[in-house]
$ cat entry-v8.txt   # compact mmCIF, C-alpha atoms and all ligand atoms
# COMPACT_ATOMS: atom_id res chain seq x y z
CA MET O 1 71.83 -93.31 -46.99
CA GLN O 2 75.38 -94.44 -47.22
CA SER O 3 76.80 -90.92 -47.13
CA LEU O 4 74.63 -90.07 -44.15
CA ILE O 5 75.89 -93.13 -42.38
CA THR O 6 79.44 -92.23 -43.23
CA LEU O 7 78.99 -88.78 -41.79
CA LEU O 8 77.61 -90.26 -38.65
CA ALA O 9 80.50 -92.61 -38.39
CA LEU O 10 83.05 -89.86 -38.86
CA PRO O 11 82.46 -87.74 -35.79
CA ALA O 12 82.91 -90.80 -33.67
CA SER O 13 86.35 -91.38 -35.00
CA THR O 14 87.52 -87.80 -35.08
CA LEU O 15 87.37 -87.07 -31.41
CA ALA O 16 90.90 -88.06 -30.51
CA GLY O 17 94.24 -86.99 -31.93
CA SER O 18 95.76 -88.06 -35.22
CA VAL O 19 97.78 -91.23 -35.23
CA LEU O 20 101.19 -90.40 -36.68
CA TRP O 21 102.60 -93.90 -36.70
CA SER O 22 101.21 -97.29 -35.69
CA GLY O 23 102.74 -100.66 -35.01
CA ILE O 24 99.37 -102.27 -34.48
CA SER O 25 99.36 -105.59 -36.33
CA ASP O 26 96.75 -106.78 -38.75
CA SER O 27 95.86 -110.45 -38.95
CA SER O 28 98.23 -111.20 -41.81
CA LEU O 29 101.48 -109.87 -40.35
CA THR O 30 104.15 -112.54 -39.88
CA VAL O 31 107.61 -112.67 -38.38
CA ASP O 32 108.93 -113.16 -41.91
CA ASP O 33 107.41 -109.82 -42.89
CA ILE O 34 109.31 -108.05 -40.12
CA ASP O 35 112.42 -110.02 -40.99
CA LYS O 36 112.32 -108.55 -44.51
CA TRP O 37 113.30 -105.17 -43.11
CA SER O 38 116.88 -104.03 -43.73
CA TRP O 39 118.60 -100.66 -44.17
CA SER O 40 118.32 -101.15 -47.93
CA ASN O 41 114.74 -102.47 -47.79
CA GLN O 42 112.89 -100.37 -45.23
CA VAL O 43 109.50 -102.06 -45.44
CA GLY O 44 106.71 -102.37 -42.94
CA ALA O 45 106.08 -100.69 -39.62
CA TRP O 46 109.30 -101.66 -37.90
CA GLN O 47 113.03 -101.36 -38.16
CA TRP O 48 114.50 -104.65 -37.03
CA TYR O 49 118.24 -104.69 -36.54
CA ILE O 50 118.87 -104.69 -32.78
CA HIS O 51 118.98 -108.37 -31.89
CA GLY O 52 121.29 -111.32 -31.42
CA SER O 53 122.72 -113.64 -34.01
CA GLY O 54 119.94 -116.26 -33.98
CA GLU O 55 116.99 -116.57 -36.32
CA THR O 56 114.47 -113.72 -36.02
CA SER O 57 111.82 -116.23 -34.93
CA GLU O 58 113.91 -116.85 -31.82
CA TYR O 59 113.44 -113.21 -30.79
CA LEU O 60 110.06 -112.29 -32.27
CA GLY O 61 106.69 -114.00 -32.38
CA ILE O 62 103.37 -112.74 -33.67
CA SER O 63 100.07 -114.21 -32.57
CA SER O 64 96.57 -113.27 -31.51
CA GLU O 65 97.51 -114.81 -28.17
CA PHE O 66 100.22 -112.21 -27.65
CA LYS O 67 97.95 -109.17 -27.50
CA ASN O 68 95.99 -107.44 -24.81
CA PRO O 69 92.53 -108.99 -25.37
CA ALA O 70 91.10 -105.49 -25.02
CA ALA O 71 93.36 -104.08 -27.73
CA ALA O 72 92.37 -103.57 -31.34
CA ASP O 73 95.41 -105.39 -32.66
CA ALA O 74 94.61 -108.54 -34.59
CA GLN O 75 97.87 -109.88 -33.20
CA GLY O 76 100.41 -108.95 -30.57
CA LEU O 77 104.17 -109.33 -30.47
CA ARG O 78 106.39 -111.52 -28.38
CA ILE O 79 109.82 -109.98 -27.96
CA THR O 80 112.40 -112.32 -26.45
CA ILE O 81 115.93 -112.05 -25.18
CA ASP O 82 118.07 -115.05 -24.32
CA GLY O 83 121.70 -116.02 -23.96
CA THR O 84 122.32 -115.25 -27.65
CA SER O 85 120.88 -111.74 -27.64
CA PHE O 86 124.12 -109.81 -27.78
CA TRP O 87 123.92 -107.24 -30.53
CA ASN O 88 126.94 -105.84 -32.24
CA GLY O 89 129.47 -107.27 -29.78
CA GLN O 90 127.81 -105.60 -26.79
CA THR O 91 127.48 -107.22 -23.37
CA MET O 92 123.81 -106.23 -23.03
CA GLU O 93 121.04 -108.56 -24.18
CA ARG O 94 118.81 -106.71 -26.61
CA SER O 95 115.77 -107.31 -28.81
CA GLU O 96 114.27 -104.04 -29.93
CA LEU O 97 111.98 -102.87 -32.67
CA ILE O 98 111.98 -99.25 -33.78
CA PRO O 99 109.22 -97.43 -35.68
CA GLN O 100 109.90 -97.30 -39.41
CA THR O 101 108.54 -93.99 -40.61
CA LYS O 102 109.35 -90.75 -42.37
CA VAL O 103 106.94 -88.90 -40.10
CA ASN O 104 108.34 -86.53 -37.50
CA LEU O 105 107.84 -88.23 -34.14
CA GLY O 106 110.04 -85.81 -32.24
CA SER O 107 108.21 -82.49 -32.13
CA GLY O 108 105.02 -81.09 -30.70
CA HIS O 109 102.93 -82.79 -28.06
CA LEU O 110 102.72 -86.52 -28.71
CA TYR O 111 101.49 -89.61 -26.92
CA TYR O 112 103.49 -92.80 -27.30
CA HIS O 113 101.14 -95.70 -26.57
CA PHE O 114 101.93 -99.32 -25.78
CA SER O 115 100.70 -102.25 -23.70
CA LEU O 116 103.03 -104.68 -22.04
CA SER O 117 102.68 -108.07 -20.38
CA THR O 118 104.70 -111.06 -19.18
CA LYS O 119 103.74 -114.66 -18.49
CA GLU O 120 104.75 -117.27 -15.95
CA THR O 121 106.55 -119.05 -18.78
CA ASN O 122 109.86 -117.39 -19.65
CA PRO O 123 109.40 -114.61 -17.08
CA PRO O 124 111.90 -111.77 -16.86
CA ASN O 125 114.69 -112.26 -14.34
CA PRO O 126 114.31 -109.57 -11.63
CA SER O 127 118.02 -109.78 -10.76
CA PHE O 128 118.98 -107.91 -13.90
CA GLU O 129 118.28 -104.30 -14.74
CA HIS O 130 116.04 -103.99 -17.81
CA GLN O 131 115.39 -100.90 -19.86
CA ILE O 132 112.12 -101.03 -21.75
CA ALA O 133 110.42 -98.82 -24.32
CA PHE O 134 113.22 -96.28 -24.10
CA PHE O 135 114.52 -93.49 -26.28
CA GLU O 136 118.18 -93.24 -27.22
CA SER O 137 118.75 -90.48 -24.66
CA HIS O 138 116.70 -92.37 -22.02
CA PHE O 139 114.74 -89.22 -21.17
CA THR O 140 111.84 -91.55 -20.59
CA GLU O 141 111.63 -95.31 -20.18
CA LEU O 142 110.35 -98.18 -18.09
CA LYS O 143 112.76 -100.13 -15.95
CA TYR O 144 112.42 -103.55 -14.41
CA GLY O 145 114.65 -105.46 -11.97
CA ALA O 146 117.95 -104.54 -10.37
CA SER O 147 121.37 -105.96 -10.81
CA GLY O 148 122.40 -108.05 -7.85
CA ALA O 149 119.18 -107.54 -5.91
CA SER O 150 116.00 -109.28 -6.95
CA ASP O 151 113.54 -106.46 -7.59
CA ASN O 152 110.16 -107.16 -9.16
CA THR O 153 109.39 -103.47 -9.66
CA LEU O 154 108.34 -102.08 -13.03
CA SER O 155 109.00 -98.37 -12.79
CA TRP O 156 108.57 -95.37 -15.01
CA ASN O 157 111.49 -92.99 -15.24
CA ALA O 158 112.08 -89.51 -16.60
CA ASP O 159 115.69 -88.43 -16.99
CA GLY O 160 116.74 -91.44 -14.95
CA LYS O 161 114.46 -90.71 -11.98
CA SER O 162 111.57 -92.99 -11.04
CA HIS O 163 108.18 -91.29 -10.68
CA TRP O 164 105.76 -94.24 -10.66
CA SER O 165 106.01 -97.98 -10.15
CA VAL O 166 104.05 -101.17 -9.84
CA GLN O 167 104.91 -104.76 -8.90
CA LEU O 168 105.04 -106.78 -12.10
CA GLU O 169 102.40 -109.49 -12.14
CA ALA O 170 102.51 -112.24 -14.78
CA GLY O 171 99.42 -112.28 -16.97
CA ASN O 172 98.42 -108.67 -16.28
CA TRP O 173 98.33 -106.23 -19.19
CA TYR O 174 99.85 -102.85 -18.39
CA ASN O 175 98.77 -100.07 -20.72
CA PHE O 176 100.88 -96.95 -20.99
CA ALA O 177 101.13 -93.70 -22.86
CA TYR O 178 104.17 -91.48 -22.55
CA ASP O 179 102.86 -87.92 -22.64
CA ILE O 180 105.71 -86.08 -24.32
CA ASP O 181 105.79 -82.39 -25.04
CA PHE O 182 108.92 -82.02 -27.13
CA ASP O 183 108.48 -78.26 -27.31
CA SER O 184 108.12 -77.46 -23.63
CA LYS O 185 110.38 -80.40 -22.66
CA ASN O 186 108.03 -82.22 -20.35
CA VAL O 187 107.06 -85.82 -20.04
CA GLY O 188 104.20 -87.40 -18.08
CA LEU O 189 102.66 -90.84 -17.81
CA TRP O 190 99.22 -92.28 -18.44
CA ALA O 191 98.56 -95.87 -17.39
CA SER O 192 95.92 -98.49 -16.80
CA ASN O 193 95.45 -102.20 -16.28
CA GLY O 194 93.75 -104.62 -18.67
CA SER O 195 90.85 -103.03 -20.49
CA GLU O 196 90.61 -99.94 -18.27
CA PRO O 197 90.93 -96.55 -19.96
CA LEU O 198 94.21 -94.75 -19.41
CA THR O 199 94.41 -92.22 -16.61
CA GLN O 200 97.16 -89.75 -15.91
CA VAL O 201 99.35 -91.26 -13.18
CA VAL O 202 102.22 -88.76 -13.37
CA ALA O 203 101.67 -85.14 -14.36
CA PRO O 204 104.31 -83.90 -16.79
CA VAL O 205 107.76 -83.32 -15.31
CA SER O 206 110.66 -81.57 -16.93
CA ALA O 207 112.98 -83.83 -18.98
CA SER O 208 115.48 -83.61 -21.81
CA THR O 209 112.95 -84.72 -24.40
CA SER O 210 114.32 -85.53 -27.83
CA SER O 211 113.84 -87.99 -30.65
CA ASN O 212 115.16 -88.28 -34.18
CA SER O 213 111.96 -90.23 -35.00
CA ALA O 214 113.94 -93.47 -35.26
CA ASP O 215 115.07 -94.03 -31.70
CA TRP O 216 112.10 -95.27 -29.73
CA HIS O 217 113.17 -98.76 -28.72
CA VAL O 218 110.11 -100.99 -28.42
CA GLY O 219 111.57 -104.01 -26.72
CA GLN O 220 113.91 -104.75 -23.88
CA LEU O 221 117.56 -104.24 -23.12
CA ARG O 222 119.00 -106.23 -20.20
CA LEU O 223 122.21 -105.07 -18.61
CA PRO O 224 124.76 -107.68 -17.59
CA GLY O 225 124.20 -108.81 -14.01
CA SER O 226 126.35 -110.19 -11.29
CA LYS O 227 125.65 -113.72 -12.55
CA SER O 228 124.81 -114.98 -15.99
CA ASP O 229 121.46 -116.42 -16.99
CA ASP O 230 120.76 -117.70 -20.49
CA ALA O 231 117.09 -118.47 -19.92
CA ALA O 232 114.76 -116.86 -22.44
CA GLU O 233 112.65 -113.91 -21.28
CA ASP O 234 109.45 -113.07 -23.10
CA TRP O 235 107.74 -109.70 -23.04
CA PHE O 236 104.46 -109.23 -24.90
CA TRP O 237 103.48 -106.02 -26.63
CA SER O 238 100.37 -104.63 -28.26
CA GLY O 239 98.62 -101.36 -28.97
CA VAL O 240 101.85 -99.64 -29.98
CA TYR O 241 101.22 -96.31 -31.72
CA VAL O 242 102.09 -92.64 -31.59
CA GLU O 243 99.42 -89.96 -31.74
CA GLU O 244 99.15 -86.22 -31.51
CA GLY O 245 97.02 -84.88 -28.70
CA PRO O 246 94.35 -85.04 -27.52
CA ILE O 247 95.09 -88.41 -26.03
CA THR O 248 93.00 -91.47 -26.78
CA THR O 249 92.35 -93.04 -23.40
CA GLU O 250 90.35 -96.03 -24.59
CA ILE O 251 92.24 -99.27 -24.99
CA GLY O 252 91.43 -100.81 -28.34
CA SER O 253 89.95 -97.86 -30.16
CA ARG O 254 92.90 -97.76 -32.54
CA SER O 255 93.67 -100.46 -35.01
CA SER O 256 95.67 -101.07 -38.11
CA GLY O 257 92.83 -100.07 -40.40
CA SER O 258 93.62 -102.98 -42.65
CA SER O 259 92.09 -106.31 -43.34
CA SER O 260 91.09 -106.92 -39.77
CA GLY O 261 88.47 -104.31 -40.55
CA SER O 262 88.03 -103.13 -37.01
CA SER O 263 89.51 -99.67 -37.46
CA SER O 264 86.43 -97.89 -38.55
CA SER O 265 83.82 -100.12 -37.10
CA ILE O 266 83.67 -97.97 -34.01
CA SER O 267 80.33 -98.59 -32.41
CA ALA O 268 78.33 -95.69 -31.15
CA SER O 269 78.86 -96.82 -27.62
CA SER O 270 82.63 -96.95 -27.82
CA ALA O 271 82.50 -93.66 -29.67
CA ALA O 272 80.58 -92.27 -26.76
CA THR O 273 83.22 -93.33 -24.31
CA SER O 274 86.12 -92.05 -26.29
CA ALA O 275 84.27 -88.82 -26.83
CA THR O 276 83.96 -88.19 -23.15
CA ALA O 277 87.59 -88.95 -22.73
CA SER O 278 89.01 -86.62 -25.28
CA ALA O 279 89.20 -82.94 -25.89
CA PRO O 280 87.12 -81.59 -28.71
CA SER O 281 89.76 -79.78 -30.68
CA THR O 282 89.53 -81.90 -33.80
CA VAL O 283 85.79 -82.14 -33.95
CA GLN O 284 85.40 -79.45 -36.54
CA SER O 285 87.08 -81.73 -39.02
CA VAL O 286 83.91 -83.71 -39.48
CA ALA O 287 82.67 -81.17 -41.96
CA PRO O 288 81.92 -83.11 -45.13
CA THR O 289 84.66 -81.42 -47.12
CA GLU O 290 87.19 -82.36 -44.51
CA SER O 291 86.06 -85.92 -44.41
CA THR O 292 86.37 -86.17 -48.14
CA ARG O 293 89.80 -84.66 -48.10
CA ALA O 294 90.90 -86.92 -45.31
CA THR O 295 89.74 -89.89 -47.26
CA THR O 296 91.43 -88.97 -50.47
CA THR O 297 94.73 -88.12 -48.92
CA SER O 298 94.76 -90.93 -46.47
CA ALA O 299 96.48 -93.35 -48.79
CA ASP O 300 99.76 -91.63 -48.09
CA PRO O 301 100.68 -91.84 -44.43
CA ALA O 302 103.24 -89.08 -44.72
CA THR O 303 100.75 -86.70 -46.26
CA ALA O 304 98.07 -87.58 -43.80
CA ALA O 305 100.41 -86.92 -40.97
CA THR O 306 101.25 -83.45 -42.14
CA GLN O 307 97.60 -82.50 -42.11
CA SER O 308 97.35 -82.42 -38.41
CA PRO O 309 95.53 -81.36 -36.41
CA VAL O 310 92.72 -81.22 -38.90
CA SER O 311 93.29 -84.67 -40.28
CA THR O 312 90.77 -87.03 -38.92
CA THR O 313 91.11 -90.39 -37.40
CA VAL O 314 90.01 -91.72 -40.70
CA SER O 315 93.17 -90.49 -42.29
CA SER O 316 95.15 -91.31 -39.25
CA SER O 317 93.89 -94.83 -39.08
CA MET O 318 95.48 -95.11 -42.49
CA ALA O 319 98.58 -93.39 -41.34
CA ALA O 320 98.28 -95.80 -38.51
CA SER O 321 98.97 -98.74 -40.72
CA PRO O 322 102.55 -98.71 -41.74
CA SER O 323 102.39 -102.43 -41.86
CA THR O 324 100.27 -101.47 -44.80
CA ALA O 325 102.78 -98.88 -45.92
CA ALA O 326 104.87 -101.71 -47.21
CA PRO O 327 104.17 -101.96 -50.91
CA THR O 328 103.18 -105.58 -50.64
CA LYS O 329 100.56 -104.77 -48.07
CA SER O 330 98.95 -101.69 -49.45
CA THR O 331 96.29 -103.59 -51.30
CA GLU O 332 94.88 -104.91 -48.08
CA VAL O 333 93.83 -101.48 -46.95
CA ALA O 334 90.15 -100.98 -47.11
CA THR O 335 89.29 -97.38 -47.73
CA PRO O 336 88.29 -96.02 -44.37
CA THR O 337 85.14 -94.39 -45.54
CA SER O 338 83.74 -97.48 -47.05
CA SER O 339 84.70 -99.65 -44.16
CA SER O 340 83.06 -97.34 -41.69
CA ALA O 341 80.04 -97.21 -43.90
CA ALA O 342 80.03 -100.95 -44.00
CA ALA O 343 80.11 -101.10 -40.26
CA PHE O 344 76.94 -99.08 -40.07
CA ALA O 345 75.35 -100.14 -43.30
CA SER O 346 73.72 -103.26 -42.05
CA PRO O 347 72.24 -102.62 -38.64
CA THR O 348 70.37 -105.67 -37.48
CA SER O 349 67.30 -103.58 -36.96
CA ALA O 350 66.21 -100.06 -37.64
CA ALA O 351 65.75 -99.57 -33.92
CA GLU O 352 69.32 -100.56 -33.24
CA PHE O 353 70.51 -98.14 -35.85
CA LEU O 354 68.52 -95.32 -34.31
CA THR O 355 69.95 -96.16 -30.92
CA ASP O 356 73.42 -95.81 -32.36
CA ILE O 357 72.56 -92.44 -33.85
CA ARG O 358 71.06 -91.25 -30.59
CA ALA O 359 74.12 -92.31 -28.67
CA LEU O 360 76.29 -90.31 -31.02
CA LEU O 361 74.06 -87.29 -30.86
CA ASN O 362 73.90 -87.40 -27.10
CA VAL O 363 77.64 -87.25 -26.96
CA LEU O 364 77.77 -84.36 -29.35
CA LEU O 365 74.95 -82.46 -27.69
CA SER O 366 76.39 -83.00 -24.26
CA ARG O 367 79.62 -81.46 -25.44
CA SER O 368 78.06 -78.53 -27.22
CA GLY O 369 78.32 -76.40 -24.11
CA SER O 370 82.06 -76.85 -24.04
CA GLY O 371 82.70 -74.53 -26.92
CA SER O 372 84.16 -76.07 -30.00
CA VAL O 373 81.66 -78.82 -30.67
CA HIS O 374 78.71 -77.71 -32.71
CA ALA O 375 76.01 -80.25 -32.34
CA ARG O 376 73.81 -78.29 -34.72
CA ASP O 377 76.27 -79.13 -37.45
CA PHE O 378 75.32 -82.73 -37.01
CA THR O 379 71.60 -82.44 -36.51
CA ARG O 380 71.45 -80.72 -39.88
CA TYR O 381 72.29 -84.02 -41.54
CA LEU O 382 69.50 -85.83 -39.81
C1 LIG W 401 97.07 -101.75 -11.76
O1 LIG W 401 96.85 -102.72 -10.74
C2 LIG W 401 97.83 -102.71 -9.70
C3 LIG W 401 97.51 -103.83 -8.76
O2 LIG W 401 97.63 -105.04 -9.41
C4 LIG W 401 97.84 -101.39 -8.99
O3 LIG W 401 98.84 -101.35 -8.00
C5 LIG W 401 98.09 -100.28 -10.02
O4 LIG W 401 97.99 -99.02 -9.39
C6 LIG W 401 97.10 -100.36 -11.15
N1 LIG W 401 97.48 -99.39 -12.16
C7 LIG W 401 96.75 -98.35 -12.50
C8 LIG W 401 97.30 -97.44 -13.50
O5 LIG W 401 95.66 -98.15 -12.03
$ encode --input "entry-v8.txt" --output "structure tokens" --more "lines below"
Ligand SMILES: *[C@@H]1O[C@H](CO)[C@@H](O)[C@H](O)[C@H]1NC(C)=O
Amino acid sequence: MQSLITLLALPASTLAGSVLWSGISDSSLTVDDIDKWSWSNQVGAWQWYIHGSGETSEYLGISSEFKNPAAADAQGLRITIDGTSFWNGQTMERSELIPQTKVNLGSGHLYYHFSLSTKETNPPNPSFEHQIAFFESHFTELKYGASGASDNTLSWNADGKSHWSVQLEAGNWYNFAYDIDFDSKNVGLWASNGSEPLTQVVAPVSASTSSNSADWHVGQLRLPGSKSDDAAEDWFWSGVYVEEGPITTEIGSRSSGSSSGSSSSISASSAATSATASAPSTVQSVAPTESTRATTTSADPATAATQSPVSTTVSSSMAASPSTAAPTKSTEVATPTSSSAAAFASPTSAAEFLTDIRALLNVLLSRSGSGSVHARDFTRYL
């Protein structure tokens, strides 16, 4: 029964692209863990070197209260700048995390996901220009505020030109995915509010896309303004990960795959929604041999990442846990297969279990007309 259940669980999680890197926090991550990172000790999911001279806890906080409630993160991040946030003698205030990974995040067609929020406490000052979630070359980024003129606009830019904007509202969660085709040199934007699934808000435009895989700045840089202001500014982040297409539009369907245990416990109903939202190109990977391979190789994020596009979300949810890539964390990783089995292994009633199976099958059958999904491959196991 267990293997049947595992097979059923797999198609649900294979419908979106592979996660190449994830900064989604499990419940045990602490600021001290991130603070352990250095050039000679490159542990965890994040490089942490762009910040002021204060204690790390002045600039970073980690708490379940800092995440989008709809997100799968056990905890979100507070990233703060204040009057001490001058890095390396610069005049800009900066607190920025950068993905720590050996995976190539700068080729092919990738989606860079993140959710962002502010509060009424320590709000950003709209009289300063902020650059947020930017790449070194600034081919894509968010901007907030304007030097000299109070401007509450959060705007999305490609090659320095704004293509979409919204008025920043404290307490709202803004979900984004940069849709970057490094090969054809295009970038587009997907966005949503709160728990809504992402929708494309800007079709890809031409831009000078490039990344050395260690230059996506998750955090904020504030340019000097016409006046000075030392008040702390908090920005809250969650759901930060990079995936290969097809895009995952659901908020919260990705998680760290570690002790929080939510990674593989995708319910049939959420599977159904993510299925409708994503292209079917990876569905063939649910063949049992693939699932086995994905499971066995998934312990090594680098390996898992090179398997794309065949590698399943099972492997990618492991690749998605570089917080777990740190040697000290690796023991917390539940094997994906067993955790997904566990999620299905104890249905509260047989009827409920059957409902789950039906929901999955309906998704698969409804897609069978579209070409690459073969529902018969699944019915065989029933
Ligand atoms: C989010 O809500 C704001 C209004 O608060 C709206 O202007 C904006 O278009 C919404 N964003 C998306 C992506 O739907």
$ closest_residue --input "entry-v8.txt" --among "O:Trp46, O:Tyr144, O:Trp164, O:Phe128" --to "ligand LIG 401 (chain W)" --atoms "only C-alpha atoms and all ligand atoms"
O:Trp164
$ closest_residue --input "entry-v8.txt" --among "O:Leu60, O:Tyr49, O:Gln75, O:Gly239" --to "Ser27 (chain O)" --atoms "only C-alpha atoms"
O:Gln75
$ residues_near_ligand --input "entry-v8.txt" --ligand "ligand LIG 401 (chain W)" --cutoff "8 Å" --atoms "only C-alpha atoms and all ligand atoms" --output "PyMOL selection string"
chain O and resi 166-167+169+172+174-175+190-193+198-199+201
$ residues_near_point --input "entry-v8.txt" --point "(98.4, -108.7, -28.1)" --cutoff "9 Å" --atoms "only C-alpha atoms" --output "VMD selection string"
chain O and resid 25 62 to 78 115 to 117 236 to 239
$ closest_residue --input "entry-v8.txt" --among "O:Val218, O:Ala203, O:Leu105, O:Ala149" --to "Trp21 (chain O)" --atoms "all atoms listed in the file"
O:Leu105
$ closest_residue --input "entry-v8.txt" --among "O:Gln220, O:Ser210, O:Gln90, O:Thr84" --to "Pro124 (chain O)" --atoms "all atoms listed in the file"
O:Gln220
$ axis_aligned_box --input "entry-v8.txt" --around "region 40-51 of chain O" --padding-each-side "5 Å" --output "AutoDock Vina command-line options"
--center_x 112.5 --center_y -104.4 --center_z -39.9 --size_x 22.9 --size_y 18.0 --size_z 26.0
$ atom_distance --input "entry-v8.txt" --atom1 "CA of Arg254 (chain O)" --atom2 "CA of Leu142 (chain O)"
22.7 Å
$ residues_around --input "entry-v8.txt" --residues "Ala170 (chain O)" --least-positions-apart "3" --cutoff "8 Å" --atoms "all atoms listed in the file" --output "mmCIF file with C-alpha atoms, in the frame of the given file"
data_model
loop_
_atom_site.group_PDB
_atom_site.id
_atom_site.type_symbol
_atom_site.label_atom_id
_atom_site.label_comp_id
_atom_site.auth_asym_id
_atom_site.auth_seq_id
_atom_site.Cartn_x
_atom_site.Cartn_y
_atom_site.Cartn_z
ATOM 1 C CA SER O 117 102.680 -108.070 -20.380
ATOM 2 C CA THR O 118 104.700 -111.060 -19.180
ATOM 3 C CA LYS O 119 103.740 -114.660 -18.490
ATOM 4 C CA GLU O 120 104.750 -117.270 -15.950
ATOM 5 C CA PRO O 123 109.400 -114.610 -17.080
#
$ atom_distance --input "entry-v8.txt" --atom1 "CA of Asp179 (chain O)" --atom2 "CA of Glu196 (chain O)"
17.7 Å
$ closest_residue --input "entry-v8.txt" --among "O:Gln100, O:Ser40, O:Ser137, O:Ser228" --to "Ser208 (chain O)" --atoms "only C-alpha atoms"
O:Ser137
$ atom_distance --input "entry-v8.txt" --atom1 "CA of Ser28 (chain O)" --atom2 "CA of Asp234 (chain O)"
21.9 Å
